[in-house]
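*Asks:* Here it is, the structure in full.
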Amino acid sequence: MNAVLEAFVRCGDVDHALLLFKEMRGPRGCGVDGVSYGILLKGLGIARRIDEAFEILESIEKDSSIGSPRLSPHLICGFLNALIEAGDMRRANALVARFRKVLYEGHSVLLYNLLMKGYIKSNFPLGALTVKDEILRQGLKPDRLTYNTIISACVKSSEIDKAIQFLEDMKEEAKRESNPELLPDAVTYTTLLKGLGNSRDLYSVLKIVVEMKSSLLSIDRTAYTAMIDALLACGSIDGALCIFGDIIKQAGSNKDLRPKPHLYLSIMRAFATRGDVDMVMRLNKRMWPDSVGSISPAAKEEACELLMEAAINNNQIDLARGLLRRIVNEKKCFSWTSRVGLVAIKVESLSGFTNSLLRPHVFPQIILNDPVEKYMVPFQESQPLPADIILRKVMMRFLKDRAVPLVDDWGGCVGIVHRDDCTKLDAPLLSMSRGPPLCVPTSTTVEHVIDLLLREKSEMVIVVKSGNMYEGSYASSSRPLGIFSLAILWSFTGDYSSDIHDAGSLVTALEQDTGTCNCG
């Protein structure tokens with residue numbers, strides 16, 4: 001039954017774990033032991049039900065628990081680990097202080113390793129160094145996990161010199177004690193490589209790589225990936241390629257070393273920045289048969305974007321335009337701040353206005369800095385509909401207009417209904433509006449109104465008298481003066497291309513042009 005109890009805890013279903021625990025210790029149950037209590041305490045800690053966990057510990061301490069479990073470090077450490085995983089060092093330290101005598105039984109460094117792990121998860125990773133001092137004061141000897149945890153704390157705090165010093169201490173102590181279990185392992189070096197890569201210390205990265213490859217250490221895929229990432233971070237693409245070639249060569253006899261798509265993309269990013277189209281193409285081609293694991297849609301998209309970036313950095317404008325055309329056709333929208341957006345800006349600027357792939361629209365009769373009042377349609381001419389009218393009675397109206405303003409009995413505008421939202425024939429129109437209407441003062445510029453329409457994904461704004469309201473809200477005392485919509489905007493455009501027939505097409509085109517469909 002302990003296995004079932006453990007399964008409930010792993011699924012986060014602490015309530016069912018408690019019910020099962022009560023059944024186990026009941027007259028018809030199979031009984032509970034220290035393992036059962038340890039699993040339950042761990043689950044309560046994960047669920048942040050700290051008070052209940054402390055009550056159980058106190059009942060065990062008073063010997064009033066069913067099954068007469070004995071307080072032991074193993075029993076408490078599960079609960080302690082749950083607190084540490086949650087980053088709750090205040091309660092973790094309180095638990096250690098409360099049961100210090102029990103936890104120090106056996107003089108194991110397990111407790112201290114857990115506390116150091118907690119400091120790393122908190123905002124004070126260097127607190128792990130004080131725990132190491134406590135280990136020495138207690139007359140205990142740090143193990144490999146202790147050193148690895150301390151090195152991780154130093155790396156997280158950007159104290160790389162201290163991390164390297166602890167590595168040397170680790171090797172020196174292993175030699176002095178003739179204890180191979182203290183020698184650095186792949187985790188030690190991988191952690192160090194991450195810190196050295198972040199600090200752009202190429203000399204130290206190369207030194208660690210040589211040390212790893214010349215030792216008897218078993219280097220796995222994670223360690224090789226850390227080497228390449230660190231070398232790329234330091235700008236050593238040739239060094240990264242050497243390690244990558246080593247991986248590919250060994251992967252022939254050891255499939256566990258086959259690189260993941262992440263590694264291919266990391267190297268492709270470096271070559272794309274250089275403008276090396278050939279290498280990016282090769283890596284993109286080999287990523288499919290040679291990598292292990294599934295390639296996500298995001299990875300596929302990034303590979304194509306990196307090829308476009310490499311082309312533009314190598315002044316291959318035609319290739320970049322062809323790739324951009326493919327991306328635009330496959331994507332509904334993209335953000336200008338994304339990789340493809342930044343490259344698209346370069347492609348557009350180098351292609352010129354007449355060769356633009358994003359179909360820019362020209363408004364020869366509109367000056368974007370003009371107030372919207374100059375181009376709006378008077379409110380009554382927009383033929384608003386009563387807010388309480390049933391859709392079935394006016395459904396033909398939405399075949400002509402993509403958005404219609406709604407008015408109440410006093411003539412105030414209370415909403416805007418979009419054609420796409422008309423889904424209930426027997427419902428009043430107001431129930432299908434998107435809340436209060438978007439309103440702008442008469443002095444608002446046309447440029448700002450267009451941005452607002454695209455950002456809010458709306459077809460229309462209501463124009464009210466300046467000074468009556470704040471933009472984006474509506475006051476019932478403000479009489480609507482007019483409307484401005486994307487359909488009106490289309491009537492002023494100088495682009496009469498055959499693939500745009502109505503305001504709905506203009507919405508799609510403008511959203512694609514600006515790339516703001518999702519990001520505003």
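By convention in this document, the chains of the structure tokens carry letters A, B, ... by their order, each chain's residues are numbered from 1, and ligands are numbered from 1 in the order they are shown.
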Could you name the residues that touch Pro180 of chain A at 12 Å or less, counting only C-alpha atoms, but leaving out those on the same chain fewer than 6 positions away, as a ChimeraX atom specification?

*Replies:* /A:143-144,170-174,216-217

*Asks:* So which bits of segment 223-439 of chain A end up strand (DSSP E) when you DSSP the backbone, as a PDB file with N, CA and C atoms, in the first residue's frame?

*Replies:*
```
ATOM      1  N   VAL A 377     -17.332  59.062 -39.908  1.00  0.00           N
ATOM      2  CA  VAL A 377     -18.693  59.097 -40.446  1.00  0.00           C
ATOM      3  C   VAL A 377     -19.620  59.504 -39.314  1.00  0.00           C
ATOM      4  N   PRO A 378     -20.517  60.476 -39.527  1.00  0.00           N
ATOM      5  CA  PRO A 378     -21.455  60.855 -38.457  1.00  0.00           C
ATOM      6  C   PRO A 378     -22.181  59.634 -37.900  1.00  0.00           C
ATOM      7  N   LEU A 385     -27.944  50.069 -34.405  1.00  0.00           N
ATOM      8  CA  LEU A 385     -29.074  49.182 -34.106  1.00  0.00           C
ATOM      9  C   LEU A 385     -29.401  49.232 -32.622  1.00  0.00           C
ATOM     10  N   PRO A 386     -30.673  48.994 -32.271  1.00  0.00           N
ATOM     11  CA  PRO A 386     -31.030  48.931 -30.850  1.00  0.00           C
ATOM     12  C   PRO A 386     -30.302  47.786 -30.156  1.00  0.00           C
ATOM     13  N   ALA A 403     -19.041  45.255 -38.536  1.00  0.00           N
ATOM     14  CA  ALA A 403     -19.257  45.741 -37.178  1.00  0.00           C
ATOM     15  C   ALA A 403     -20.353  46.799 -37.200  1.00  0.00           C
ATOM     16  N   VAL A 404     -21.206  46.769 -36.185  1.00  0.00           N
ATOM     17  CA  VAL A 404     -22.344  47.689 -36.105  1.00  0.00           C
ATOM     18  C   VAL A 404     -22.421  48.239 -34.687  1.00  0.00           C
ATOM     19  N   PRO A 405     -22.566  49.581 -34.535  1.00  0.00           N
ATOM     20  CA  PRO A 405     -22.714  50.142 -33.188  1.00  0.00           C
ATOM     21  C   PRO A 405     -24.118  49.879 -32.633  1.00  0.00           C
ATOM     22  N   LEU A 406     -24.210  49.794 -31.307  1.00  0.00           N
ATOM     23  CA  LEU A 406     -25.486  49.559 -30.626  1.00  0.00           C
ATOM     24  C   LEU A 406     -25.834  50.775 -29.779  1.00  0.00           C
ATOM     25  N   VAL A 407     -27.129  51.100 -29.714  1.00  0.00           N
ATOM     26  CA  VAL A 407     -27.581  52.247 -28.913  1.00  0.00           C
ATOM     27  C   VAL A 407     -28.663  51.794 -27.956  1.00  0.00           C
ATOM     28  N   CYS A 413     -24.374  55.203 -27.154  1.00  0.00           N
ATOM     29  CA  CYS A 413     -23.740  53.996 -27.680  1.00  0.00           C
ATOM     30  C   CYS A 413     -23.294  53.109 -26.520  1.00  0.00           C
ATOM     31  N   VAL A 414     -23.777  51.858 -26.511  1.00  0.00           N
ATOM     32  CA  VAL A 414     -23.487  50.953 -25.397  1.00  0.00           C
ATOM     33  C   VAL A 414     -22.627  49.761 -25.818  1.00  0.00           C
ATOM     34  N   GLY A 415     -22.292  49.669 -27.084  1.00  0.00           N
ATOM     35  CA  GLY A 415     -21.474  48.547 -27.514  1.00  0.00           C
ATOM     36  C   GLY A 415     -21.297  48.503 -29.014  1.00  0.00           C
ATOM     37  N   ILE A 416     -20.455  47.571 -29.452  1.00  0.00           N
ATOM     38  CA  ILE A 416     -20.226  47.316 -30.874  1.00  0.00           C
ATOM     39  C   ILE A 416     -20.292  45.810 -31.082  1.00  0.00           C
ATOM     40  N   VAL A 417     -21.091  45.377 -32.032  1.00  0.00           N
ATOM     41  CA  VAL A 417     -21.193  43.952 -32.337  1.00  0.00           C
ATOM     42  C   VAL A 417     -20.420  43.664 -33.618  1.00  0.00           C
ATOM     43  N   HIS A 418     -19.538  42.644 -33.547  1.00  0.00           N
ATOM     44  CA  HIS A 418     -18.758  42.228 -34.706  1.00  0.00           C
ATOM     45  C   HIS A 418     -19.416  41.019 -35.359  1.00  0.00           C
ATOM     46  N   CYS A 439     -13.725  54.021 -27.404  1.00  0.00           N
ATOM     47  CA  CYS A 439     -14.037  55.424 -27.691  1.00  0.00           C
ATOM     48  C   CYS A 439     -12.760  56.251 -27.735  1.00  0.00           C
TER      49      CYS A 439
END
```

*Asks:* Give me, as a ChimeraX atom specification, all polymer residues having an atom no more than 12 Å from Met395 of chain A, counting only C-alpha atoms and skipping those fewer than 4 positions away in the same chain.

*Replies:* /A:385,389-391,399-404,417-419,421-429

*Asks:* Could you jot down the atom CA of Ile120 of chain A to atom CA of Arg49 of chain A separation for me, Å, one decimal place?

*Replies:*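 Separation of atom CA of Ile120 of chain A and atom CA of Arg49 of chain A: 22.9 Å.
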
*Asks:* Gly482 of chain A: which residues within 10 Å, counting only C-alpha atoms, same-chain residues fewer than 6 positions away excluded, as a PDB file with all heavy atoms, in the first residue's frame?

*Replies:*
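Contents of result.pdb, freshly written:
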```pdb
ATOM      1  N   VAL A 372      -8.978  62.389 -36.099  1.00  0.00           N
ATOM      2  CA  VAL A 372      -9.903  61.403 -36.648  1.00  0.00           C
ATOM      3  C   VAL A 372     -11.238  62.036 -37.037  1.00  0.00           C
ATOM      4  O   VAL A 372     -11.968  61.523 -37.894  1.00  0.00           O
ATOM      5  CB  VAL A 372     -10.102  60.249 -35.635  1.00  0.00           C
ATOM      6  CG1 VAL A 372     -10.889  60.718 -34.422  1.00  0.00           C
ATOM      7  CG2 VAL A 372     -10.799  59.068 -36.281  1.00  0.00           C
ATOM      8  N   GLU A 373     -11.566  63.173 -36.417  1.00  0.00           N
ATOM      9  CA  GLU A 373     -12.823  63.864 -36.710  1.00  0.00           C
ATOM     10  C   GLU A 373     -12.942  64.191 -38.198  1.00  0.00           C
ATOM     11  O   GLU A 373     -14.048  64.218 -38.764  1.00  0.00           O
ATOM     12  CB  GLU A 373     -12.895  65.138 -35.862  1.00  0.00           C
ATOM     13  CG  GLU A 373     -14.169  65.940 -36.045  1.00  0.00           C
ATOM     14  CD  GLU A 373     -14.159  67.202 -35.206  1.00  0.00           C
ATOM     15  OE1 GLU A 373     -13.053  67.643 -34.798  1.00  0.00           O
ATOM     16  OE2 GLU A 373     -15.245  67.749 -34.947  1.00  0.00           O
ATOM     17  N   TYR A 375     -12.112  62.430 -40.737  1.00  0.00           N
ATOM     18  CA  TYR A 375     -12.425  61.293 -41.603  1.00  0.00           C
ATOM     19  C   TYR A 375     -13.560  60.422 -41.069  1.00  0.00           C
ATOM     20  O   TYR A 375     -13.928  59.445 -41.718  1.00  0.00           O
ATOM     21  CB  TYR A 375     -11.172  60.416 -41.775  1.00  0.00           C
ATOM     22  CG  TYR A 375      -9.977  61.175 -42.275  1.00  0.00           C
ATOM     23  CD1 TYR A 375      -8.994  61.620 -41.392  1.00  0.00           C
ATOM     24  CD2 TYR A 375      -9.832  61.478 -43.623  1.00  0.00           C
ATOM     25  CE1 TYR A 375      -7.899  62.331 -41.843  1.00  0.00           C
ATOM     26  CE2 TYR A 375      -8.740  62.186 -44.081  1.00  0.00           C
ATOM     27  CZ  TYR A 375      -7.772  62.620 -43.186  1.00  0.00           C
ATOM     28  OH  TYR A 375      -6.688  63.335 -43.646  1.00  0.00           O
ATOM     29  N   MET A 376     -14.109  60.759 -39.928  1.00  0.00           N
ATOM     30  CA  MET A 376     -15.149  59.907 -39.343  1.00  0.00           C
ATOM     31  C   MET A 376     -16.461  60.049 -40.115  1.00  0.00           C
ATOM     32  O   MET A 376     -16.683  61.013 -40.857  1.00  0.00           O
ATOM     33  CB  MET A 376     -15.365  60.292 -37.881  1.00  0.00           C
ATOM     34  CG  MET A 376     -16.103  61.604 -37.702  1.00  0.00           C
ATOM     35  SD  MET A 376     -16.389  62.012 -35.974  1.00  0.00           S
ATOM     36  CE  MET A 376     -17.426  63.480 -36.130  1.00  0.00           C
ATOM     37  N   VAL A 377     -17.332  59.062 -39.908  1.00  0.00           N
ATOM     38  CA  VAL A 377     -18.693  59.097 -40.446  1.00  0.00           C
ATOM     39  C   VAL A 377     -19.620  59.504 -39.314  1.00  0.00           C
ATOM     40  O   VAL A 377     -19.508  58.966 -38.203  1.00  0.00           O
ATOM     41  CB  VAL A 377     -19.093  57.710 -41.004  1.00  0.00           C
ATOM     42  CG1 VAL A 377     -20.570  57.666 -41.349  1.00  0.00           C
ATOM     43  CG2 VAL A 377     -18.246  57.366 -42.212  1.00  0.00           C
ATOM     44  N   PRO A 378     -20.517  60.476 -39.527  1.00  0.00           N
ATOM     45  CA  PRO A 378     -21.455  60.855 -38.457  1.00  0.00           C
ATOM     46  C   PRO A 378     -22.181  59.634 -37.900  1.00  0.00           C
ATOM     47  O   PRO A 378     -22.514  58.694 -38.627  1.00  0.00           O
ATOM     48  CB  PRO A 378     -22.412  61.812 -39.158  1.00  0.00           C
ATOM     49  CG  PRO A 378     -21.606  62.386 -40.276  1.00  0.00           C
ATOM     50  CD  PRO A 378     -20.704  61.292 -40.738  1.00  0.00           C
ATOM     51  N   PHE A 379     -22.427  59.671 -36.606  1.00  0.00           N
ATOM     52  CA  PHE A 379     -22.934  58.480 -35.927  1.00  0.00           C
ATOM     53  C   PHE A 379     -24.246  57.986 -36.523  1.00  0.00           C
ATOM     54  O   PHE A 379     -24.435  56.787 -36.741  1.00  0.00           O
ATOM     55  CB  PHE A 379     -23.092  58.771 -34.431  1.00  0.00           C
ATOM     56  CG  PHE A 379     -23.403  57.536 -33.626  1.00  0.00           C
ATOM     57  CD1 PHE A 379     -22.441  56.576 -33.388  1.00  0.00           C
ATOM     58  CD2 PHE A 379     -24.681  57.329 -33.133  1.00  0.00           C
ATOM     59  CE1 PHE A 379     -22.727  55.434 -32.653  1.00  0.00           C
ATOM     60  CE2 PHE A 379     -24.972  56.195 -32.393  1.00  0.00           C
ATOM     61  CZ  PHE A 379     -23.990  55.249 -32.161  1.00  0.00           C
ATOM     62  N   GLN A 380     -25.173  58.886 -36.802  1.00  0.00           N
ATOM     63  CA  GLN A 380     -26.471  58.461 -37.318  1.00  0.00           C
ATOM     64  C   GLN A 380     -26.358  57.844 -38.710  1.00  0.00           C
ATOM     65  O   GLN A 380     -27.127  56.960 -39.072  1.00  0.00           O
ATOM     66  CB  GLN A 380     -27.448  59.643 -37.320  1.00  0.00           C
ATOM     67  CG  GLN A 380     -27.871  60.095 -35.932  1.00  0.00           C
ATOM     68  CD  GLN A 380     -28.458  58.959 -35.100  1.00  0.00           C
ATOM     69  OE1 GLN A 380     -29.221  58.137 -35.603  1.00  0.00           O
ATOM     70  NE2 GLN A 380     -28.088  58.930 -33.822  1.00  0.00           N
ATOM     71  N   GLU A 381     -25.380  58.303 -39.489  1.00  0.00           N
ATOM     72  CA  GLU A 381     -25.184  57.725 -40.828  1.00  0.00           C
ATOM     73  C   GLU A 381     -24.675  56.290 -40.772  1.00  0.00           C
ATOM     74  O   GLU A 381     -24.787  55.540 -41.745  1.00  0.00           O
ATOM     75  CB  GLU A 381     -24.213  58.587 -41.637  1.00  0.00           C
ATOM     76  CG  GLU A 381     -24.775  59.937 -42.046  1.00  0.00           C
ATOM     77  CD  GLU A 381     -23.809  60.706 -42.940  1.00  0.00           C
ATOM     78  OE1 GLU A 381     -22.906  60.058 -43.537  1.00  0.00           O
ATOM     79  OE2 GLU A 381     -23.949  61.944 -43.026  1.00  0.00           O
ATOM     80  N   SER A 382     -24.107  55.892 -39.638  1.00  0.00           N
ATOM     81  CA  SER A 382     -23.644  54.510 -39.492  1.00  0.00           C
ATOM     82  C   SER A 382     -24.793  53.544 -39.234  1.00  0.00           C
ATOM     83  O   SER A 382     -24.582  52.334 -39.182  1.00  0.00           O
ATOM     84  CB  SER A 382     -22.633  54.409 -38.351  1.00  0.00           C
ATOM     85  OG  SER A 382     -23.272  54.647 -37.097  1.00  0.00           O
ATOM     86  N   THR A 442     -12.313  63.414 -30.426  1.00  0.00           N
ATOM     87  CA  THR A 442     -12.233  63.907 -31.805  1.00  0.00           C
ATOM     88  C   THR A 442     -10.825  64.355 -32.171  1.00  0.00           C
ATOM     89  O   THR A 442     -10.460  64.366 -33.349  1.00  0.00           O
ATOM     90  CB  THR A 442     -13.195  65.082 -32.009  1.00  0.00           C
ATOM     91  OG1 THR A 442     -12.927  66.078 -30.995  1.00  0.00           O
ATOM     92  CG2 THR A 442     -14.639  64.632 -31.914  1.00  0.00           C
ATOM     93  N   VAL A 461     -14.192  52.142 -33.869  1.00  0.00           N
ATOM     94  CA  VAL A 461     -14.150  52.934 -32.640  1.00  0.00           C
ATOM     95  C   VAL A 461     -15.253  53.993 -32.720  1.00  0.00           C
ATOM     96  O   VAL A 461     -15.674  54.390 -33.814  1.00  0.00           O
ATOM     97  CB  VAL A 461     -12.786  53.632 -32.438  1.00  0.00           C
ATOM     98  CG1 VAL A 461     -11.680  52.627 -32.225  1.00  0.00           C
ATOM     99  CG2 VAL A 461     -12.469  54.561 -33.586  1.00  0.00           C
ATOM    100  N   ILE A 462     -15.713  54.430 -31.555  1.00  0.00           N
ATOM    101  CA  ILE A 462     -16.709  55.495 -31.459  1.00  0.00           C
ATOM    102  C   ILE A 462     -15.988  56.801 -31.163  1.00  0.00           C
ATOM    103  O   ILE A 462     -15.132  56.865 -30.274  1.00  0.00           O
ATOM    104  CB  ILE A 462     -17.740  55.193 -30.353  1.00  0.00           C
ATOM    105  CG1 ILE A 462     -18.347  53.802 -30.549  1.00  0.00           C
ATOM    106  CG2 ILE A 462     -18.812  56.261 -30.327  1.00  0.00           C
ATOM    107  CD1 ILE A 462     -19.076  53.625 -31.871  1.00  0.00           C
ATOM    108  N   VAL A 463     -16.295  57.840 -31.927  1.00  0.00           N
ATOM    109  CA  VAL A 463     -15.673  59.152 -31.736  1.00  0.00           C
ATOM    110  C   VAL A 463     -16.620  60.019 -30.908  1.00  0.00           C
ATOM    111  O   VAL A 463     -17.816  60.159 -31.244  1.00  0.00           O
ATOM    112  CB  VAL A 463     -15.384  59.829 -33.092  1.00  0.00           C
ATOM    113  CG1 VAL A 463     -14.680  61.160 -32.883  1.00  0.00           C
ATOM    114  CG2 VAL A 463     -14.529  58.917 -33.968  1.00  0.00           C
ATOM    115  N   VAL A 464     -16.094  60.552 -29.812  1.00  0.00           N
ATOM    116  CA  VAL A 464     -16.901  61.403 -28.932  1.00  0.00           C
ATOM    117  C   VAL A 464     -16.224  62.762 -28.804  1.00  0.00           C
ATOM    118  O   VAL A 464     -15.073  62.940 -29.207  1.00  0.00           O
ATOM    119  CB  VAL A 464     -17.087  60.762 -27.537  1.00  0.00           C
ATOM    120  CG1 VAL A 464     -17.832  59.454 -27.641  1.00  0.00           C
ATOM    121  CG2 VAL A 464     -15.746  60.573 -26.849  1.00  0.00           C
ATOM    122  N   LYS A 465     -16.931  63.708 -28.217  1.00  0.00           N
ATOM    123  CA  LYS A 465     -16.417  65.067 -28.081  1.00  0.00           C
ATOM    124  C   LYS A 465     -15.192  65.080 -27.176  1.00  0.00           C
ATOM    125  O   LYS A 465     -15.176  64.453 -26.123  1.00  0.00           O
ATOM    126  CB  LYS A 465     -17.497  65.981 -27.521  1.00  0.00           C
ATOM    127  CG  LYS A 465     -17.104  67.451 -27.509  1.00  0.00           C
ATOM    128  CD  LYS A 465     -18.261  68.304 -27.009  1.00  0.00           C
ATOM    129  CE  LYS A 465     -17.872  69.781 -26.970  1.00  0.00           C
ATOM    130  NZ  LYS A 465     -18.979  70.622 -26.475  1.00  0.00           N
TER     131      LYS A 465
END
```

*Asks:* Report as a PyMOL selection string: the residues of segment 191-347 of chain A with a DSSP assignment of helix (DSSP H, G or I), based on the backbone of this structure.

*Replies:* chain A and resi 191-198+202-214+221-233+237-251+255-257+261-274+277-290+297-313+317-330+339-347

*Asks:* Could you write out that same residue set with C-alpha atoms as a short mmCIF file (atom, residue, chain, number, x, y, z; two decimals), in the first residue's frame?

*Replies:*
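Saved to part.cif:
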```cif
data_model
loop_
_atom_site.label_atom_id
_atom_site.label_comp_id
_atom_site.auth_asym_id
_atom_site.auth_seq_id
_atom_site.Cartn_x
_atom_site.Cartn_y
_atom_site.Cartn_z
CA THR A 191 28.21 23.23 -13.71
CA LEU A 192 31.57 24.96 -14.03
CA LEU A 193 31.33 25.17 -17.81
CA LYS A 194 28.00 26.93 -17.55
CA GLY A 195 29.50 29.59 -15.27
CA LEU A 196 32.64 30.01 -17.37
CA GLY A 197 30.55 30.33 -20.53
CA ASN A 198 28.45 33.06 -18.92
CA LEU A 202 37.53 31.07 -23.09
CA TYR A 203 40.90 30.16 -21.58
CA SER A 204 39.31 28.52 -18.52
CA VAL A 205 36.68 26.78 -20.68
CA LEU A 206 39.37 25.23 -22.85
CA LYS A 207 41.32 24.21 -19.75
CA ILE A 208 38.27 22.43 -18.29
CA VAL A 209 37.49 20.73 -21.63
CA VAL A 210 41.07 19.40 -21.90
CA GLU A 211 40.94 18.23 -18.28
CA MET A 212 37.66 16.38 -18.87
CA LYS A 213 38.85 14.66 -22.03
CA SER A 214 42.22 13.65 -20.53
CA ARG A 221 25.66 13.84 -23.95
CA THR A 222 24.84 16.50 -21.34
CA ALA A 223 28.53 17.13 -20.65
CA TYR A 224 29.37 17.37 -24.36
CA THR A 225 26.48 19.77 -24.87
CA ALA A 226 27.74 21.92 -21.97
CA MET A 227 31.20 22.05 -23.61
CA ILE A 228 29.76 23.25 -26.91
CA ASP A 229 27.42 25.79 -25.29
CA ALA A 230 30.33 27.24 -23.27
CA LEU A 231 32.59 27.47 -26.32
CA LEU A 232 29.86 29.13 -28.37
CA ALA A 233 29.19 31.60 -25.56
CA ILE A 237 32.88 28.39 -33.10
CA ASP A 238 35.84 26.32 -34.34
CA GLY A 239 36.29 24.80 -30.90
CA ALA A 240 32.58 24.01 -30.70
CA LEU A 241 32.75 22.32 -34.12
CA CYS A 242 35.65 20.13 -32.96
CA ILE A 243 33.64 18.90 -29.98
CA PHE A 244 30.56 18.48 -32.17
CA GLY A 245 32.54 16.35 -34.63
CA ASP A 246 33.75 14.24 -31.72
CA ILE A 247 30.14 13.65 -30.63
CA ILE A 248 29.02 12.64 -34.13
CA LYS A 249 31.99 10.27 -34.48
CA GLN A 250 31.33 8.54 -31.15
CA ALA A 251 27.57 8.48 -31.70
CA LYS A 255 23.60 6.03 -29.66
CA ASP A 256 23.24 7.64 -26.22
CA LEU A 257 25.59 10.38 -27.47
CA PRO A 261 17.96 19.35 -31.84
CA HIS A 262 18.84 22.04 -29.28
CA LEU A 263 22.54 21.49 -30.01
CA TYR A 264 22.09 21.85 -33.77
CA LEU A 265 20.14 25.08 -33.27
CA SER A 266 22.83 26.48 -30.95
CA ILE A 267 25.53 25.97 -33.59
CA MET A 268 23.25 27.23 -36.36
CA ARG A 269 22.70 30.49 -34.41
CA ALA A 270 26.45 31.08 -34.33
CA PHE A 271 26.87 30.47 -38.08
CA ALA A 272 23.78 32.54 -38.91
CA THR A 273 25.35 35.50 -37.12
CA ARG A 274 28.46 34.99 -39.26
CA VAL A 277 24.63 30.11 -45.30
CA ASP A 278 26.30 26.88 -46.37
CA MET A 279 26.95 25.66 -42.81
CA VAL A 280 23.46 26.61 -41.64
CA MET A 281 21.99 24.67 -44.58
CA ARG A 282 24.15 21.63 -43.80
CA LEU A 283 23.26 21.61 -40.12
CA ASN A 284 19.58 22.10 -40.92
CA LYS A 285 19.70 19.15 -43.31
CA ARG A 286 21.55 16.85 -40.87
CA MET A 287 19.42 17.78 -37.86
CA TRP A 288 16.55 15.57 -39.09
CA PRO A 289 18.35 12.20 -39.48
CA ASP A 290 21.15 12.66 -36.92
CA PRO A 297 7.35 22.93 -34.49
CA ALA A 298 9.14 25.83 -32.78
CA ALA A 299 12.52 24.22 -33.58
CA LYS A 300 11.50 23.75 -37.22
CA GLU A 301 10.47 27.39 -37.47
CA GLU A 302 13.68 28.60 -35.85
CA ALA A 303 15.80 26.54 -38.25
CA CYS A 304 14.12 28.25 -41.23
CA GLU A 305 14.47 31.67 -39.57
CA LEU A 306 18.17 31.07 -38.93
CA LEU A 307 18.70 30.24 -42.58
CA MET A 308 17.01 33.52 -43.52
CA GLU A 309 19.17 35.38 -41.00
CA ALA A 310 22.32 33.81 -42.44
CA ALA A 311 21.24 34.80 -45.96
CA ILE A 312 20.61 38.44 -45.02
CA ASN A 313 23.92 38.63 -43.11
CA ILE A 317 18.77 39.22 -50.50
CA ASP A 318 16.93 37.03 -53.02
CA LEU A 319 17.36 33.91 -50.87
CA ALA A 320 16.27 35.82 -47.76
CA ARG A 321 13.19 37.16 -49.58
CA GLY A 322 12.26 33.67 -50.74
CA LEU A 323 12.53 32.31 -47.19
CA LEU A 324 10.58 35.27 -45.81
CA ARG A 325 7.83 34.65 -48.37
CA ARG A 326 7.57 31.05 -47.19
CA ILE A 327 7.42 32.11 -43.53
CA VAL A 328 4.78 34.78 -44.21
CA ASN A 329 2.65 32.23 -46.07
CA GLU A 330 2.92 29.66 -43.27
CA ARG A 339 14.11 36.81 -34.81
CA VAL A 340 11.99 36.56 -37.95
CA GLY A 341 10.57 40.04 -37.32
CA LEU A 342 14.00 41.66 -36.98
CA VAL A 343 15.26 39.90 -40.12
CA ALA A 344 12.07 40.83 -41.98
CA ILE A 345 12.77 44.48 -41.23
CA LYS A 346 16.22 44.11 -42.81
CA VAL A 347 14.78 42.31 -45.84
#
```

*Asks:* Fewer than 3 positions away in the same chain doesn't count, so skip those; otherwise give me all residues within 7 Å of segment 80-83 of chain A, counting only C-alpha atoms, as an MDAnalysis selection string.

*Replies:* chainID A and resid 42 45:46 76:77 86:88 92 114

*Asks:* What is the distance between atom CA of Gln165 of chain A and atom CA of Ile84 of chain A, in Å to one decimal?

*Replies:*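 Between atom CA of Gln165 of chain A and atom CA of Ile84 of chain A the gap works out to 26.5 Å.
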